>>> print(open('data.cif').read())   # mmCIF, C-alpha atoms
data_my_file
loop_
_atom_site.label_atom_id
_atom_site.label_comp_id
_atom_site.auth_asym_id
_atom_site.auth_seq_id
_atom_site.Cartn_x
_atom_site.Cartn_y
_atom_site.Cartn_z
CA SER A 1 12.42 38.55 6.59
CA LYS A 2 13.71 37.65 3.12
CA MET A 3 17.17 36.85 4.51
CA ALA A 4 15.75 34.58 7.19
CA GLY A 5 13.55 32.82 4.66
CA LEU A 6 16.50 32.05 2.42
CA ILE A 7 18.22 30.01 5.10
CA GLY A 8 15.06 28.54 6.61
CA ILE A 9 15.37 30.17 10.05
CA PRO A 10 12.50 31.92 11.90
CA ALA A 11 12.86 35.70 11.46
CA SER A 12 12.46 36.33 15.20
CA ALA A 13 15.22 33.84 16.01
CA LEU A 14 17.55 35.39 13.46
CA ALA A 15 16.79 38.87 14.83
CA GLY A 16 17.57 37.54 18.30
CA PHE A 17 20.95 36.31 17.14
CA PHE A 18 21.78 39.62 15.50
CA LYS A 19 21.00 41.34 18.80
CA LEU A 20 23.04 38.74 20.65
CA LYS A 21 26.01 39.38 18.37
CA GLU A 22 25.67 43.09 19.11
CA ILE A 23 25.61 42.38 22.85
CA LEU A 24 28.64 40.09 22.64
CA THR A 25 30.58 42.63 20.59
CA ASP A 26 29.73 45.47 22.98
CA SER A 27 30.49 43.30 26.01
CA VAL A 28 33.96 42.36 24.84
CA GLN A 29 34.69 45.97 23.84
CA ILE A 30 33.57 47.34 27.22
CA ALA A 31 35.59 44.67 29.05
CA ARG A 32 38.68 45.62 27.06
CA GLU A 33 38.20 49.33 27.73
CA ASN A 34 37.72 48.66 31.46
CA ALA A 35 40.85 46.51 31.58
CA LYS A 36 42.90 49.13 29.71
CA ALA A 37 41.75 51.95 31.98
CA GLN A 38 42.68 49.90 35.05
CA LYS A 39 46.05 48.90 33.60
CA ASP A 40 46.87 52.49 32.59
CA MET A 41 45.96 53.72 36.06
CA VAL A 42 48.20 51.14 37.75
CA ARG A 43 51.08 52.01 35.43
CA MET A 44 50.69 55.72 36.12
CA ILE A 45 50.74 55.11 39.87
CA GLU A 46 54.05 53.31 39.48
CA ALA A 47 55.47 55.82 36.98
CA THR A 48 54.75 58.78 39.29
CA GLY A 49 56.13 57.05 42.37
CA HIS A 50 52.72 56.95 44.08
CA ALA A 51 52.70 60.77 44.15
CA ALA A 52 48.90 60.87 44.47
CA ARG A 53 49.24 58.77 47.65
CA PHE A 54 46.60 56.25 46.70
CA SER A 55 46.80 52.59 45.78
CA ALA A 56 45.08 51.22 42.69
CA SER A 57 42.41 49.54 44.80
CA GLU A 58 41.70 52.81 46.66
CA LEU A 59 41.30 54.73 43.41
CA GLU A 60 39.12 51.97 41.97
CA GLU A 61 36.87 52.14 45.04
CA PHE A 62 36.74 55.94 44.76
CA ALA A 63 35.79 55.71 41.07
CA ASP A 64 32.98 53.30 41.93
CA LYS A 65 31.66 55.67 44.63
CA LEU A 66 31.77 58.63 42.25
CA GLN A 67 29.92 56.62 39.62
CA GLY A 68 27.19 55.83 42.13
CA ALA A 69 26.94 59.45 43.22
CA THR A 70 27.28 61.26 39.89
CA GLY A 71 26.27 58.75 37.23
CA VAL A 72 29.57 59.22 35.36
CA ASN A 73 30.97 55.87 34.26
CA ASN A 74 33.80 54.63 36.48
CA THR A 75 35.99 53.81 33.48
CA GLU A 76 35.89 57.47 32.42
CA ILE A 77 36.65 58.51 36.00
CA LYS A 78 39.69 56.20 36.07
CA LYS A 79 40.96 57.75 32.84
CA ALA A 80 40.56 61.22 34.34
CA MET A 81 42.39 60.26 37.54
CA THR A 82 45.18 58.75 35.45
CA ASP A 83 45.60 62.13 33.71
CA LEU A 84 45.47 63.98 37.03
CA MET A 85 48.36 61.89 38.34
CA LEU A 86 50.61 63.68 35.82
CA PHE A 87 50.44 66.66 38.18
CA ARG A 88 52.50 65.26 41.01
CA LYS A 89 51.81 68.04 43.49
CA VAL A 90 48.13 67.10 43.52
CA SER A 91 47.61 64.38 46.10
CA GLY A 92 45.47 63.08 48.94
CA ASP A 93 42.25 64.92 49.66
CA VAL A 94 43.11 67.56 47.06
CA PHE A 95 43.30 64.81 44.42
CA ARG A 96 39.86 63.54 45.42
CA ALA A 97 38.37 67.03 45.50
CA ALA A 98 39.80 67.91 42.07
CA THR A 99 38.35 64.75 40.53
CA ARG A 100 34.92 65.50 42.00
CA GLU A 101 34.97 69.13 40.88
CA ALA A 102 36.05 68.16 37.35
CA ILE A 103 32.96 65.95 37.18
CA ASN A 104 30.73 68.68 38.66
CA LEU A 105 31.93 71.19 36.08
CA SER A 106 31.44 68.85 33.12
CA GLU A 107 28.00 67.71 34.28
CA PHE A 108 27.03 71.37 34.76
CA GLY A 109 27.91 71.95 31.11
CA ILE A 110 31.34 73.53 31.55
CA GLY A 111 34.02 71.75 29.53
CA SER A 112 34.54 68.00 29.42
CA LEU A 113 35.79 65.74 32.17
CA ASP A 114 39.12 65.39 30.36
CA SER A 115 39.64 69.11 29.80
CA ASN A 116 38.52 70.02 33.32
CA ILE A 117 40.83 67.51 35.00
CA ARG A 118 43.82 68.89 33.09
CA MET A 119 42.84 72.47 33.80
CA LEU A 120 42.51 71.79 37.52
CA GLY A 121 45.76 69.82 37.58
CA ARG A 122 47.68 72.73 36.10
CA ALA A 123 45.98 75.23 38.41
CA LEU A 124 46.70 73.19 41.55
CA GLN A 125 50.35 72.65 40.66
CA ASN A 126 50.87 76.36 41.31
CA PRO A 127 47.85 77.93 43.06
CA ILE A 128 49.33 81.45 42.88
CA GLU A 129 49.02 81.26 39.11
CA GLY A 130 46.14 78.81 39.21
CA PHE A 131 43.33 81.29 39.75
CA ARG A 132 44.11 82.77 36.34
CA ARG A 133 43.48 79.39 34.75
CA LEU A 134 40.14 79.12 36.53
CA ARG A 135 38.92 82.23 34.74
CA ALA A 136 38.57 80.05 31.64
CA VAL A 137 35.63 78.29 33.33
CA GLY A 138 34.15 81.44 34.83
CA VAL A 139 35.66 81.14 38.32
CA MET A 140 36.74 84.55 39.59
CA LEU A 141 38.63 85.06 42.86
CA ASN A 142 38.48 88.35 44.73
CA GLU A 143 41.61 90.11 45.96
CA GLN A 144 41.34 88.69 49.49
CA GLN A 145 41.10 85.11 48.18
CA GLN A 146 44.07 85.67 45.90
CA GLU A 147 46.15 87.14 48.72
CA THR A 148 45.26 84.26 51.06
CA ILE A 149 46.32 81.68 48.48
CA LYS A 150 49.55 83.55 47.77
CA THR A 151 50.43 83.80 51.48
CA LEU A 152 49.71 80.11 52.13
CA GLN A 153 51.81 78.94 49.20
CA GLU A 154 54.72 81.23 50.07
CA GLU A 155 54.64 79.87 53.62
CA GLY A 156 55.02 76.35 52.22
CA LYS A 157 51.41 75.40 52.91
CA LEU A 158 50.67 74.11 49.42
CA ARG A 159 47.82 71.81 50.41
CA GLU A 160 46.00 74.61 52.21
CA ALA A 161 46.52 76.91 49.22
CA GLN A 162 45.17 74.25 46.87
CA LEU A 163 42.07 73.69 49.00
CA LYS A 164 41.42 77.45 49.14
CA LEU A 165 41.62 77.52 45.37
CA MET A 166 39.14 74.65 45.14
CA GLU A 167 36.72 76.48 47.45
CA ALA A 168 36.34 79.17 44.81
CA ILE A 169 34.70 76.68 42.42
CA VAL A 170 31.00 76.91 43.14
CA VAL A 171 28.88 74.68 40.89
CA PRO A 172 26.06 72.26 41.73
CA GLN A 173 27.07 68.78 42.79
CA ALA A 174 26.56 66.27 39.98
CA VAL A 175 23.87 63.74 40.89
CA ALA A 176 23.18 60.41 39.20
CA THR A 177 19.83 60.23 37.43
CA PRO A 178 17.84 56.98 37.20
CA GLY A 179 18.67 56.81 33.50
CA LYS A 180 22.39 57.08 34.14
CA ARG A 181 22.22 54.51 36.91
CA MET A 182 20.51 52.08 34.55
CA ALA A 183 23.03 52.81 31.79
CA ASN A 184 25.91 52.12 34.17
CA GLU A 185 24.22 48.93 35.38
CA ILE A 186 23.96 47.74 31.79
CA ASP A 187 27.61 48.62 31.15
CA GLU A 188 28.61 46.76 34.31
CA VAL A 189 26.76 43.64 33.19
CA TYR A 190 28.22 43.91 29.70
CA GLY A 191 31.69 44.28 31.19
CA LYS A 192 31.26 41.19 33.37
CA ILE A 193 29.98 39.19 30.43
CA GLY A 194 32.83 40.40 28.22
CA SER A 195 35.56 39.71 30.77
CA GLN A 196 34.39 36.12 31.24
CA LEU A 197 33.49 35.57 27.62
CA THR A 198 36.74 36.71 26.01
CA PRO A 199 38.77 33.63 27.08
CA ALA A 200 35.91 31.36 26.01
CA ILE A 201 35.65 32.94 22.57
CA LYS A 202 39.34 32.26 21.96
CA GLY A 203 38.62 28.55 22.31
CA ILE A 204 35.43 28.50 20.23
CA LYS A 205 35.57 29.02 16.46
CA THR A 206 31.98 29.46 15.33
CA LEU A 207 29.81 27.67 17.88
CA TRP A 208 27.35 30.47 18.65
CA LEU A 209 25.00 28.18 20.54
CA GLU A 210 27.79 27.33 22.98
CA ILE A 211 28.61 31.01 23.38
CA LEU A 212 24.95 31.74 24.13
CA LYS A 213 24.97 29.09 26.86
CA ILE A 214 28.03 30.68 28.46
CA VAL A 215 26.42 34.13 28.39
CA HIS A 216 23.15 32.80 29.76
CA ASP A 217 24.95 31.12 32.68
CA ILE A 218 26.81 34.34 33.48
CA VAL A 219 23.62 36.42 33.36
CA ALA A 220 21.71 33.93 35.53
CA ALA A 221 24.53 34.00 38.08
CA LEU A 222 24.39 37.80 38.22
CA GLY A 223 20.72 37.51 39.17
CA ILE A 224 19.45 40.57 37.32
CA PRO A 225 15.74 39.87 36.58
CA TRP A 226 15.31 41.64 33.26
CA TRP A 227 18.49 40.03 31.86
CA VAL A 228 17.31 36.58 32.87
CA LYS A 229 13.93 37.31 31.29
CA TRP A 230 15.64 38.52 28.10
CA PHE A 231 17.64 35.33 27.68
CA ASP A 232 14.70 33.12 28.61
CA TYR A 233 12.82 34.81 25.80
CA LEU A 234 15.74 34.28 23.43
CA LYS A 235 16.11 30.61 24.36
CA ALA A 236 12.62 29.93 22.99
CA TYR A 237 13.85 30.96 19.57
CA ILE A 238 17.06 29.02 19.96
CA ARG A 239 14.98 25.84 20.10
CA ASP A 240 13.35 26.82 16.81
CA LEU A 241 16.76 27.61 15.39
CA LYS A 242 18.18 24.22 16.28
CA GLU A 243 15.30 22.52 14.45
CA ALA A 244 15.70 24.80 11.43
CA LEU A 245 19.48 24.46 11.08
CA PRO A 246 20.57 21.85 8.52
CA ALA A 247 23.85 19.97 8.73
CA ARG A 248 26.81 22.37 9.19
CA GLY A 249 24.21 25.08 9.77
CA GLU A 250 26.02 26.71 12.65
CA SER A 251 28.97 27.65 10.49
CA ARG A 252 26.59 29.13 7.90
CA LEU A 253 24.83 31.14 10.59
CA SER A 254 28.13 32.34 12.06
CA LYS A 255 29.23 33.57 8.63
CA LEU A 256 25.93 35.37 8.20
CA LEU A 257 26.23 37.03 11.61
CA SER A 258 29.72 38.28 10.86
CA THR A 259 28.86 39.83 7.48
CA SER A 260 25.28 41.09 7.72
CA PRO A 261 23.95 44.34 9.23
CA MET A 262 22.39 44.24 12.68
CA LEU A 263 18.65 43.66 13.05
CA ALA A 264 16.76 45.11 16.01
CA LEU A 265 15.11 42.78 18.48
CA PRO A 266 11.41 43.49 19.20
CA GLU A 267 10.88 46.30 21.71
CA MET A 268 9.12 43.99 24.15
CA ILE A 269 12.42 42.43 25.17
CA GLU A 270 14.54 45.58 25.21
CA PRO A 271 15.48 46.73 28.75
CA LYS A 272 13.56 49.85 29.60
CA VAL A 273 15.63 52.84 30.77
CA PRO A 274 13.73 55.29 32.97
#
>>> encode(input="data.cif", output="structure tokens")
Amino acid sequence: SKMAGLIGIPASALAGFFKLKEILTDSVQIARENAKAQKDMVRMIEATGHAARFSASELEEFADKLQGATGVNNTEIKKAMTDLMLFRKVSGDVFRAATREAINLSEFGIGSLDSNIRMLGRALQNPIEGFRRLRAVGVMLNEQQQETIKTLQEEGKLREAQLKLMEAIVVPQAVATPGKRMANEIDEVYGKIGSQLTPAIKGIKTLWLEILKIVHDIVAALGIPWWVKWFDYLKAYIRDLKEALPARGESRLSKLLSTSPMLALPEMIEPKVP
């Protein structure tokens, strides 16, 4: 390209670095979002006095299982569970069931995960009134169901009333597609890179070649074949870049990377999503 020619760097190497900068930026952002979701969830557990009756590690494990089953990113699931904890009467198996059904509804095209989790939380706080809220998503209870829920709640059997209310929600179970599994795998790798890279970046001003080495080592350790292949491909251009860079060239390249628009890497090294 014209830009690459001006600084004497192979166009393919420069394109590789633009893509690398994009990956690094996304990785750090995903790591920060993951960390925030986890921190917010832990804080909500403490703030609500463990009303949901789950520890942070138990909810994290549950989010991971739901991600594997439904394809919904575990960070979004953690955010939803954090919102659900605001409804302190929703706990235990009802809490799990409500989270799953909120995902099922959103993946079926009814509302969003956020709106569904709040709707279910409000409905489960008071099941006698809750079935009216479910009408908003097309769930209609017959008179017998309504009477059963009312009797259970009036007898102090709130959990049973909540579960009866949940039984009325009949939508297909969300299932992870290969594309979503791949997308989550990529996000997971990005998050791992970002979480390990953030401290390193704080100690490195503009040494992009050192940052690349750190990322490559992380990726190799993760043992994901197409990532290793991607960075092996990129390393070939790094050798050309080192030869092309004049004195103080790294700082010039770093400035260019931080101010110029992204360039796409050739399709042959992009990970293929089914």
>>> closest_residue(input="data.cif", among="A:Pro178, A:Thr148, A:Ala102, A:Arg88", to="Gln125 in chain A", atoms="all atoms listed in the file")
A:Arg88
>>> resolve_selection(input="data.cif", expression="the PyMOL selection byres ((chain A and resi 108) around 9)", output="ChimeraX atom specification")
/A:103-107,109-111,171-174
>>> write_last_selection(input="data.cif", atoms="C-alpha atoms", output="CSV table (one decimal), in the coordinates of the input")
chain,number,residue,atom,x,y,z
A,103,ILE,CA,33.0,66.0,37.2
A,104,ASN,CA,30.7,68.7,38.7
A,105,LEU,CA,31.9,71.2,36.1
A,106,SER,CA,31.4,68.8,33.1
A,107,GLU,CA,28.0,67.7,34.3
A,109,GLY,CA,27.9,72.0,31.1
A,110,ILE,CA,31.3,73.5,31.6
A,111,GLY,CA,34.0,71.8,29.5
A,171,VAL,CA,28.9,74.7,40.9
A,172,PRO,CA,26.1,72.3,41.7
A,173,GLN,CA,27.1,68.8,42.8
A,174,ALA,CA,26.6,66.3,40.0
>>> closest_residue(input="data.cif", among="A:Ala168, A:Ala161, A:Ile117, A:Ile149", to="Arg135 in chain A", atoms="all atoms listed in the file")
A:Ala168
>>> resolve_selection(input="data.cif", expression="the PyMOL selection byres ((chain A and resi 92) around 9)", output="list in words")
Ala51, Ala52, Arg53, Phe54, Val90, Ser91, Asp93, Val94, Phe95, Arg96 and Ala97 of chain A
>>> atom_distance(input="data.cif", atom1="CA of Gly179 in chain A", atom2="CA of Thr99 in chain A")
22.4 Å
